[in-house]
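Trainee: What follows is data_37.cif, made up of mmCIF, C-alpha atoms:
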data_coords
loop_
_atom_site.label_atom_id
_atom_site.label_comp_id
_atom_site.auth_asym_id
_atom_site.auth_seq_id
_atom_site.Cartn_x
_atom_site.Cartn_y
_atom_site.Cartn_z
CA MET A 1 0.00 0.00 0.00
CA ASP A 2 2.92 2.36 0.67
CA LEU A 3 3.77 2.47 -3.04
CA TYR A 4 0.19 3.37 -3.97
CA ILE A 5 0.08 6.12 -1.32
CA SER A 6 3.41 7.50 -2.54
CA TYR A 7 1.77 8.15 -5.93
CA ALA A 8 -1.47 9.39 -4.36
CA GLU A 9 0.41 11.98 -2.29
CA ARG A 10 2.00 13.59 -5.33
CA GLY A 11 0.77 17.04 -6.27
CA ARG A 12 -1.69 19.15 -4.32
CA THR A 13 -4.02 16.79 -2.48
CA ALA A 14 -6.34 18.95 -0.36
CA TRP A 15 -9.73 17.21 -0.38
CA TRP A 16 -11.56 20.04 -2.14
CA ARG A 17 -9.24 19.81 -5.13
CA TYR A 18 -10.62 16.38 -6.08
CA PRO A 19 -14.25 17.40 -6.74
CA LEU A 20 -12.97 20.59 -8.38
CA THR A 21 -10.69 18.57 -10.64
CA ALA A 22 -13.54 16.24 -11.57
CA MET A 23 -15.83 19.15 -12.45
CA VAL A 24 -13.17 20.97 -14.47
CA GLY A 25 -12.25 17.74 -16.26
CA LEU A 26 -15.89 17.08 -17.15
CA LEU A 27 -16.24 20.65 -18.42
CA PHE A 28 -13.15 20.27 -20.61
CA ALA A 29 -14.51 16.98 -21.99
CA MET A 30 -17.95 18.43 -22.75
CA VAL A 31 -16.45 21.40 -24.57
CA ALA A 32 -14.09 19.16 -26.56
CA LEU A 33 -16.89 16.78 -27.54
CA ALA A 34 -19.12 19.68 -28.54
CA LEU A 35 -16.40 21.18 -30.72
CA LEU A 36 -15.70 17.80 -32.28
CA GLY A 37 -19.40 17.31 -32.99
CA VAL A 38 -19.68 20.72 -34.64
CA ALA A 39 -16.62 20.04 -36.78
CA LEU A 40 -17.88 16.62 -37.92
CA ALA A 41 -21.34 18.00 -38.61
CA ALA A 42 -19.86 20.80 -40.71
CA LEU A 43 -18.00 18.17 -42.73
CA HIS A 44 -21.21 16.11 -43.06
CA LEU A 45 -19.55 13.13 -41.34
CA LEU A 46 -22.19 12.56 -38.65
CA PRO A 47 -25.09 10.17 -39.35
CA PRO A 48 -28.51 11.71 -38.65
CA ASP A 49 -29.35 8.99 -36.09
CA LEU A 50 -26.01 9.15 -34.27
CA ALA A 51 -27.59 9.40 -30.79
CA GLN A 52 -29.58 6.23 -31.40
CA GLN A 53 -26.63 4.32 -32.84
CA MET A 54 -24.47 5.29 -29.83
CA GLN A 55 -26.93 3.52 -27.51
CA ALA A 56 -26.79 0.10 -29.19
CA SER A 57 -24.07 -1.85 -30.99
CA GLY A 58 -26.17 -2.76 -34.03
CA ASN A 59 -23.69 -0.74 -36.12
CA PRO A 60 -20.47 -1.72 -34.33
CA TRP A 61 -18.24 0.65 -36.29
CA ILE A 62 -20.16 3.70 -35.07
CA PHE A 63 -20.98 2.35 -31.61
CA PHE A 64 -17.45 1.32 -30.63
CA THR A 65 -15.83 4.32 -32.29
CA SER A 66 -18.13 6.54 -30.22
CA VAL A 67 -17.22 4.62 -27.07
CA GLY A 68 -13.51 5.01 -27.74
CA VAL A 69 -13.75 8.72 -28.57
CA ILE A 70 -15.96 9.62 -25.60
CA PHE A 71 -13.80 7.81 -23.05
CA ALA A 72 -10.57 9.14 -24.60
CA VAL A 73 -11.88 12.68 -24.26
CA LEU A 74 -13.12 12.08 -20.71
CA GLY A 75 -9.76 10.64 -19.67
CA ALA A 76 -7.85 13.46 -21.36
CA GLY A 77 -10.12 16.05 -19.75
CA LEU A 78 -9.47 14.62 -16.29
CA ALA A 79 -5.72 14.40 -16.94
CA VAL A 80 -5.51 18.04 -18.01
CA ALA A 81 -7.67 19.19 -15.09
CA ALA A 82 -5.50 17.25 -12.62
CA MET A 83 -2.38 18.94 -13.97
CA LEU A 84 -3.94 22.41 -13.72
CA VAL A 85 -5.75 22.07 -10.39
CA GLN A 86 -3.55 19.61 -8.51
CA ARG A 87 -0.18 19.69 -10.26
CA LYS A 88 -0.72 15.95 -10.59
CA TYR A 89 0.46 14.33 -13.81
CA PRO A 90 -0.97 11.25 -15.55
CA ARG A 91 1.87 9.03 -14.31
CA ASP A 92 0.98 10.05 -10.74
CA ILE A 93 -2.57 8.75 -11.23
CA ILE A 94 -1.57 5.64 -13.18
CA GLY A 95 0.92 4.63 -10.51
CA ALA A 96 3.53 1.90 -10.92
CA TRP A 97 2.93 0.51 -14.40
CA GLN A 98 4.27 -2.90 -15.42
CA TRP A 99 3.34 -4.42 -18.77
CA ARG A 100 3.84 -7.87 -17.23
CA LEU A 101 1.01 -7.19 -14.79
CA PHE A 102 -1.23 -5.84 -17.54
CA LEU A 103 -0.75 -8.95 -19.69
CA TRP A 104 -1.25 -11.31 -16.73
CA GLY A 105 -4.48 -9.55 -15.83
CA LEU A 106 -5.68 -9.82 -19.42
CA LEU A 107 -4.89 -13.54 -19.72
CA ILE A 108 -6.17 -14.55 -16.29
CA TRP A 109 -9.52 -12.86 -16.65
CA LEU A 110 -10.02 -14.12 -20.19
CA ALA A 111 -9.55 -17.63 -18.80
CA VAL A 112 -12.06 -16.93 -16.02
CA GLN A 113 -14.60 -15.61 -18.53
CA LEU A 114 -14.20 -18.74 -20.65
CA ILE A 115 -14.80 -20.95 -17.62
CA LEU A 116 -17.89 -19.01 -16.53
CA ALA A 117 -19.33 -19.11 -20.06
CA GLY A 118 -18.64 -22.85 -20.17
CA VAL A 119 -20.57 -23.39 -16.93
CA ASP A 120 -23.52 -21.43 -18.33
CA PHE A 121 -23.43 -23.52 -21.51
CA ALA A 122 -23.48 -26.73 -19.47
CA ILE A 123 -26.58 -25.48 -17.60
CA ALA A 124 -28.51 -24.00 -20.53
CA PRO A 125 -27.01 -25.03 -23.90
CA SER A 126 -30.16 -23.96 -25.74
CA GLY A 127 -29.44 -20.36 -24.77
CA PHE A 128 -26.28 -20.27 -26.87
CA SER A 129 -26.00 -19.86 -30.63
CA LEU A 130 -23.11 -19.35 -33.00
CA ALA A 131 -23.01 -15.93 -34.59
CA GLY A 132 -20.25 -16.52 -37.07
CA HIS A 133 -17.38 -14.14 -36.45
CA ALA A 134 -16.51 -10.48 -36.67
CA PRO A 135 -14.30 -9.44 -39.59
CA PRO A 136 -10.68 -9.34 -38.36
CA LEU A 137 -10.37 -5.59 -38.91
CA LEU A 138 -13.55 -4.95 -36.93
CA ALA A 139 -12.34 -7.23 -34.11
CA VAL A 140 -9.10 -5.24 -33.91
CA TRP A 141 -11.02 -1.95 -34.07
CA ILE A 142 -13.30 -3.05 -31.21
CA PHE A 143 -10.25 -4.14 -29.19
CA GLY A 144 -8.74 -0.69 -29.59
CA ALA A 145 -11.96 1.09 -28.63
CA ILE A 146 -12.46 -1.07 -25.53
CA LEU A 147 -8.80 -0.69 -24.59
CA ILE A 148 -9.33 3.07 -24.51
CA GLN A 149 -12.63 2.76 -22.62
CA THR A 150 -11.36 0.41 -19.94
CA PHE A 151 -8.08 2.26 -19.44
CA ALA A 152 -9.97 5.55 -19.04
CA GLU A 153 -12.25 3.95 -16.45
CA GLU A 154 -9.28 2.52 -14.55
CA PHE A 155 -7.53 5.89 -14.72
CA LEU A 156 -10.62 7.54 -13.25
CA PHE A 157 -11.84 4.99 -10.71
CA ARG A 158 -8.88 2.88 -9.62
CA GLY A 159 -6.54 5.82 -10.11
CA PHE A 160 -8.03 9.23 -9.40
CA VAL A 161 -11.05 8.30 -7.24
CA THR A 162 -9.36 5.54 -5.24
CA GLN A 163 -6.32 7.71 -4.57
CA ALA A 164 -8.58 10.40 -3.10
CA ILE A 165 -10.33 7.86 -0.87
CA VAL A 166 -7.08 6.21 0.25
CA LEU A 167 -5.66 9.55 1.35
CA ILE A 168 -8.70 9.97 3.63
CA LEU A 169 -9.17 6.42 4.98
CA ARG A 170 -5.55 5.19 4.87
CA LYS A 171 -6.64 1.53 4.85
CA PRO A 172 -6.91 -0.55 1.66
CA LEU A 173 -10.05 -2.57 2.32
CA PRO A 174 -12.34 0.29 3.45
CA ALA A 175 -10.99 2.48 0.64
CA ALA A 176 -11.61 -0.28 -1.90
CA CYS A 177 -15.18 -0.74 -0.64
CA VAL A 178 -16.02 2.94 -1.00
CA SER A 179 -14.40 3.12 -4.43
CA GLY A 180 -16.31 0.05 -5.61
CA LEU A 181 -19.63 1.41 -4.40
CA VAL A 182 -19.04 4.60 -6.36
CA PHE A 183 -18.26 2.53 -9.46
CA GLY A 184 -21.33 0.35 -8.95
CA ALA A 185 -23.63 3.33 -8.41
CA LEU A 186 -22.83 4.60 -11.91
CA HIS A 187 -23.97 1.24 -13.34
CA ILE A 188 -27.43 1.29 -11.73
CA PRO A 189 -29.07 2.39 -15.03
CA ASN A 190 -27.91 -0.96 -16.48
CA GLY A 191 -30.05 -2.86 -13.95
CA TRP A 192 -29.43 -4.12 -10.44
CA PRO A 193 -27.59 -7.36 -11.33
CA GLN A 194 -25.05 -5.43 -13.40
CA ALA A 195 -24.80 -2.66 -10.80
CA ILE A 196 -24.08 -5.17 -8.02
CA ASN A 197 -21.57 -6.95 -10.21
CA ALA A 198 -19.90 -3.63 -11.07
CA ALA A 199 -19.71 -2.67 -7.40
CA TRP A 200 -18.04 -5.95 -6.44
CA PHE A 201 -15.77 -5.75 -9.50
CA GLY A 202 -14.82 -2.22 -8.46
CA ILE A 203 -14.09 -3.26 -4.86
CA VAL A 204 -11.80 -6.11 -5.89
CA CYS A 205 -10.03 -4.07 -8.59
CA ALA A 206 -9.50 -1.13 -6.23
CA PHE A 207 -8.01 -3.48 -3.63
CA VAL A 208 -5.72 -5.01 -6.27
CA ALA A 209 -4.65 -1.57 -7.53
CA ILE A 210 -3.83 -0.41 -4.00
CA ARG A 211 -1.81 -3.55 -3.29
CA THR A 212 0.12 -3.43 -6.58
CA GLY A 213 0.71 0.32 -6.50
CA GLY A 214 -1.04 1.16 -9.76
CA ILE A 215 -3.64 0.29 -12.37
CA ALA A 216 -1.64 -2.01 -14.69
CA LEU A 217 -3.06 -5.31 -13.45
CA THR A 218 -6.63 -4.05 -13.16
CA SER A 219 -6.45 -2.47 -16.63
CA GLY A 220 -5.71 -5.92 -18.06
CA ILE A 221 -8.55 -7.49 -16.07
CA HIS A 222 -11.01 -4.80 -17.13
CA LEU A 223 -10.01 -5.04 -20.79
CA ALA A 224 -10.48 -8.82 -20.75
CA ASN A 225 -13.86 -8.47 -19.08
CA ASN A 226 -15.28 -5.99 -21.57
CA TYR A 227 -13.66 -7.35 -24.73
CA PHE A 228 -14.86 -10.88 -24.02
CA GLY A 229 -18.39 -9.54 -23.56
CA ALA A 230 -18.19 -7.60 -26.84
CA ILE A 231 -16.52 -10.09 -29.15
CA GLY A 232 -16.42 -13.50 -27.44
CA VAL A 233 -19.69 -14.48 -25.79
CA VAL A 234 -22.13 -11.60 -26.30
CA SER A 235 -25.04 -11.54 -23.88
CA GLY A 236 -28.46 -10.55 -25.17
CA GLY A 237 -29.08 -8.62 -21.97
CA ASP A 238 -26.17 -6.22 -21.56
CA VAL A 239 -24.79 -3.08 -23.15
CA PHE A 240 -22.99 -4.98 -25.92
CA LYS A 241 -26.08 -6.80 -27.21
CA GLY A 242 -26.03 -6.85 -30.98
CA SER A 243 -22.24 -6.80 -31.13
CA PRO A 244 -20.82 -9.20 -33.78
CA GLY A 245 -19.30 -11.74 -31.39
CA LEU A 246 -18.46 -15.39 -31.87
CA VAL A 247 -21.29 -16.67 -29.68
CA ILE A 248 -24.61 -15.13 -28.62
CA GLN A 249 -25.87 -15.98 -25.15
CA ASN A 250 -29.54 -15.44 -24.39
CA THR A 251 -30.12 -16.82 -20.89
CA PRO A 252 -32.02 -14.20 -18.86
CA GLN A 253 -33.01 -16.92 -16.39
CA LEU A 254 -29.34 -17.17 -15.37
CA GLN A 255 -28.69 -13.50 -14.62
CA TRP A 256 -28.66 -13.94 -10.83
CA TRP A 257 -26.73 -17.21 -11.15
CA ASP A 258 -24.18 -15.38 -13.30
CA LEU A 259 -23.96 -12.65 -10.70
CA GLY A 260 -23.25 -15.21 -7.98
CA MET A 261 -20.59 -16.92 -10.09
CA ALA A 262 -18.94 -13.58 -10.86
CA VAL A 263 -18.92 -12.65 -7.17
CA VAL A 264 -17.23 -15.95 -6.30
CA ALA A 265 -14.67 -15.60 -9.12
CA LEU A 266 -13.81 -12.06 -8.05
CA ALA A 267 -13.56 -13.10 -4.40
CA VAL A 268 -11.06 -15.82 -5.30
CA LEU A 269 -9.07 -13.53 -7.64
CA PRO A 270 -6.82 -11.85 -5.00
CA TRP A 271 -5.78 -15.24 -3.61
CA ALA A 272 -5.04 -16.52 -7.12
CA LEU A 273 -2.97 -13.42 -7.84
CA ARG A 274 -1.03 -13.93 -4.62
CA ALA A 275 -0.39 -17.57 -5.54
CA LEU A 276 1.04 -16.37 -8.86
CA ARG A 277 3.12 -13.76 -7.00
CA LEU A 278 1.39 -10.95 -8.86
CA LEU A 279 -0.19 -9.43 -5.75
CA PRO A 280 1.88 -8.59 -2.67
CA GLY A 281 0.67 -10.10 0.56
CA GLY A 282 -0.10 -8.09 3.66
CA THR A 283 -2.09 -8.22 6.84
CA LYS A 284 -3.30 -4.63 7.04
CA ALA A 285 -6.89 -4.23 5.92
#
Can I see the file as structure tokens?

Mentor:
Amino acid sequence: MDLYISYAERGRTAWWRYPLTAMVGLLFAMVALALLGVALAALHLLPPDLAQQMQASGNPWIFFTSVGVIFAVLGAGLAVAAMLVQRKYPRDIIGAWQWRLFLWGLLIWLAVQLILAGVDFAIAPSGFSLAGHAPPLLAVWIFGAILIQTFAEEFLFRGFVTQAIVLILRKPLPAACVSGLVFGALHIPNGWPQAINAAWFGIVCAFVAIRTGGIALTSGIHLANNYFGAIGVVSGGDVFKGSPGLVIQNTPQLQWWDLGMAVVALAVLPWALRALRLLPGGTKA
């Protein structure tokens, strides 16, 4: 935890600077997106039903491009605001970055997702159907968009927000719980099962980020989680429904079962990471 705190303490860290930074960053992002929209509209590059296409992945090129652009601008807005308001630079929020941890997180959580999907298939095989495959270029494009989206979310929640909470609470487990609840609250519009799952996901990832000193490992986990749901096994009941994945899963009767399985998998994750020597041990909670 000391390594994480050493990054959190960089810059100007008075409590009031955090909400101010968030508001300034959001303002920067809104202005940038508005200017971008005006420029694209002037060049006649915006489809007339853009707002509708941004809410569903029926046209994956537009949907995932919009996701990547919006989250890139939000992340950049927060980064610029943090530099101006807090004298805190992106590397201070990212923390100790190791590509080895990022890749391990990506591979481990892809394996977990495959296992969970396999269990669902064993229970309800009729709820699965082959959807062919996404064109290779589209699969790469979606990977890039989701890489931007998940990194921006880690930068915001496991970086900026969790650092602010850690500086107040000074204990990893309570700080992780508060950070995860904030993350879950923003997913309530997606329904309670997904909001609960997001909260627990946020708690575990915040704890992992605090223990490892940065967001590298959790960025890999988050990327695997979202990319698998967009291009691997696409659920008919989540935000990526309609995405051109390999397999379509339509098992609404398993949503609470899936939540329980995800909770168990996430609960076991820190112990698995310790066994692989990817997560430092420690007795302080």

Trainee: Separation of CA of Ile188 in chain A and CA of Val263 in chain A, in Å?

Mentor: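 Calculated distance between CA of Ile188 in chain A and CA of Val263 in chain A is 17.0 Å.
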
Trainee: Apply the PyMOL selection byres ((chain A and resi 269-278) around 8) to the displayed file and report the matching residues as a PyMOL selection string.

Mentor: chain A and resi 101+204+208+212+265-268+279-281

Trainee: For the atom pair CA of Val233 in chain A and CA of Gly159 in chain A, what is the interatomic distance in Å to one decimal place?

Mentor: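 A separation of 28.8 Å between them.
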
Trainee: What do you get, as a ChimeraX atom specification, if you spell out every residue that the PyMOL selection byres ((chain A and resi 63-69) around 6) selects here?

Mentor: /A:54,57,60-62,70-72,145,148-149

Trainee: Give me the residues within 12 Å of Met261 in chain A as a list in words, counting all atoms listed in the file and dropping any in the same chain fewer than 2 places off.

Mentor: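 Surrounding residues, per the criterion: Val112, Gln113, Ile115, Leu116, Ala117, Gly118, Val119, Asp120, Pro193, Asn197, Trp200, Leu254, Gln255, Trp256, Trp257, Asp258, Leu259, Val263, Val264, Ala265, Leu266, Ala267 and Val268 of chain A.
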
Trainee: Residues within 10 Å of Gln86 in chain A, please, as JSON, numbers by chain. Count all atoms listed in the file; anything in the same chain fewer than 4 positions from it doesn't count.

Mentor: {"A": [10, 11, 12, 13, 14, 17, 18, 20, 21, 80, 81, 82]}

Trainee: So the first atom is CA of Leu181 in chain A and the second is CA of Trp15 in chain A; what is the distance between them in Å, to one decimal place?

Mentor: 19.1 Å

Trainee: Quick one: residues within 8 Å of Gly58 in chain A, all atoms listed in the file, excluding same-chain residues fewer than 2 positions away - as a PyMOL selection string?

Mentor: chain A and resi 53+56+60+63+241-243

Trainee: Taking all atoms listed in the file into account, which of A:Glu9, A:Asp238, A:Asp2, A:Glu153 comes nearest Tyr89 in chain A?

Mentor: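 When distances to Tyr89 in chain A are compared using all atoms listed in the file, the smallest one comes from A:Glu9.
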
Trainee: Please tabulate, as JSON lines, the residues of range 76-127 of chain A that come within 9 Å of range 218-231 of chain A, each with its closest pair of atoms and the distance in Å to one decimal, counting all atoms listed in the file and ordering rows by chain, then residue number upward.

Mentor:
{"residue": "A:Leu101", "atom": "CA", "partner": "A:Gly220", "partner_atom": "CA", "distance": 7.6}
{"residue": "A:Phe102", "atom": "CA", "partner": "A:Gly220", "partner_atom": "CA", "distance": 4.5}
{"residue": "A:Leu103", "atom": "CA", "partner": "A:Gly220", "partner_atom": "CA", "distance": 6.0}
{"residue": "A:Trp104", "atom": "CA", "partner": "A:Gly220", "partner_atom": "CA", "distance": 7.1}
{"residue": "A:Gly105", "atom": "CA", "partner": "A:Gly220", "partner_atom": "CA", "distance": 4.4}
{"residue": "A:Leu106", "atom": "CA", "partner": "A:Gly220", "partner_atom": "CA", "distance": 4.1}
{"residue": "A:Leu107", "atom": "CA", "partner": "A:Ala224", "partner_atom": "CA", "distance": 7.4}
{"residue": "A:Ile108", "atom": "CA", "partner": "A:Ile221", "partner_atom": "CA", "distance": 7.5}
{"residue": "A:Trp109", "atom": "CA", "partner": "A:Ile221", "partner_atom": "CA", "distance": 5.5}
{"residue": "A:Leu110", "atom": "CA", "partner": "A:Ala224", "partner_atom": "CA", "distance": 5.3}
{"residue": "A:Gln113", "atom": "CA", "partner": "A:Asn225", "partner_atom": "CA", "distance": 7.2}
{"residue": "A:Leu114", "atom": "CA", "partner": "A:Phe228", "partner_atom": "CA", "distance": 8.6}

Trainee: Using C-alpha atoms, can you write the selected residues to a file as a PDB file, keeping the file's coordinate frame?

Mentor:
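Contents of out26.pdb, freshly written:
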ATOM      1  CA  LEU A 101       1.010  -7.190 -14.790  1.00  0.00           C
ATOM      2  CA  PHE A 102      -1.230  -5.840 -17.540  1.00  0.00           C
ATOM      3  CA  LEU A 103      -0.750  -8.950 -19.690  1.00  0.00           C
ATOM      4  CA  TRP A 104      -1.250 -11.310 -16.730  1.00  0.00           C
ATOM      5  CA  GLY A 105      -4.480  -9.550 -15.830  1.00  0.00           C
ATOM      6  CA  LEU A 106      -5.680  -9.820 -19.420  1.00  0.00           C
ATOM      7  CA  LEU A 107      -4.890 -13.540 -19.720  1.00  0.00           C
ATOM      8  CA  ILE A 108      -6.170 -14.550 -16.290  1.00  0.00           C
ATOM      9  CA  TRP A 109      -9.520 -12.860 -16.650  1.00  0.00           C
ATOM     10  CA  LEU A 110     -10.020 -14.120 -20.190  1.00  0.00           C
ATOM     11  CA  GLN A 113     -14.600 -15.610 -18.530  1.00  0.00           C
ATOM     12  CA  LEU A 114     -14.200 -18.740 -20.650  1.00  0.00           C
TER      13      LEU A 114
END

Trainee: Please write out, as AutoDock Vina command-line options, where the centre of an axis-aligned box around all listed atoms of range 39-44 of chain A lies and how long its edges are, in Å to one decimal, after adding 4 Å on each side.

Mentor:
--center_x -19.0 --center_y 18.5 --center_z -39.9 --size_x 12.7 --size_y 12.7 --size_z 14.3

Trainee: If you apply the PyMOL selection byres ((chain A and resi 177) around 10) to this file, what residues do you get, as an MDAnalysis selection string?

Mentor: chainID A and resid 162 165 172:176 178:183 199:200 202:204 206:207

Trainee: My list of candidates is A:Pro48, A:Gly144, A:Gly237, A:Gly232. Which is closest to Asn190 in chain A when distances are computed with only C-alpha atoms?

Mentor: A:Gly237

Trainee: Here is a test: counting all atoms listed in the file, which residue of A:Leu3, A:Cys205, A:Ala122, A:Leu130 is nearest to Phe157 in chain A?

Mentor: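 Ranked by minimum distance to Phe157 in chain A, first place goes to A:Cys205.
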
Trainee: Using only C-alpha atoms, which of the listed residues (A:Val73, A:Leu217, A:Ile196, A:Val85) sits closest to Ala152 in chain A?

Mentor: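 With only C-alpha atoms as the atom set, the closest residue is A:Val73.
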
Trainee: Hey, which of A:Val24, A:Lys171, A:Gly245, A:Gly260 ends up closest to Pro135 in chain A? Count all atoms listed in the file.

Mentor: A:Gly245
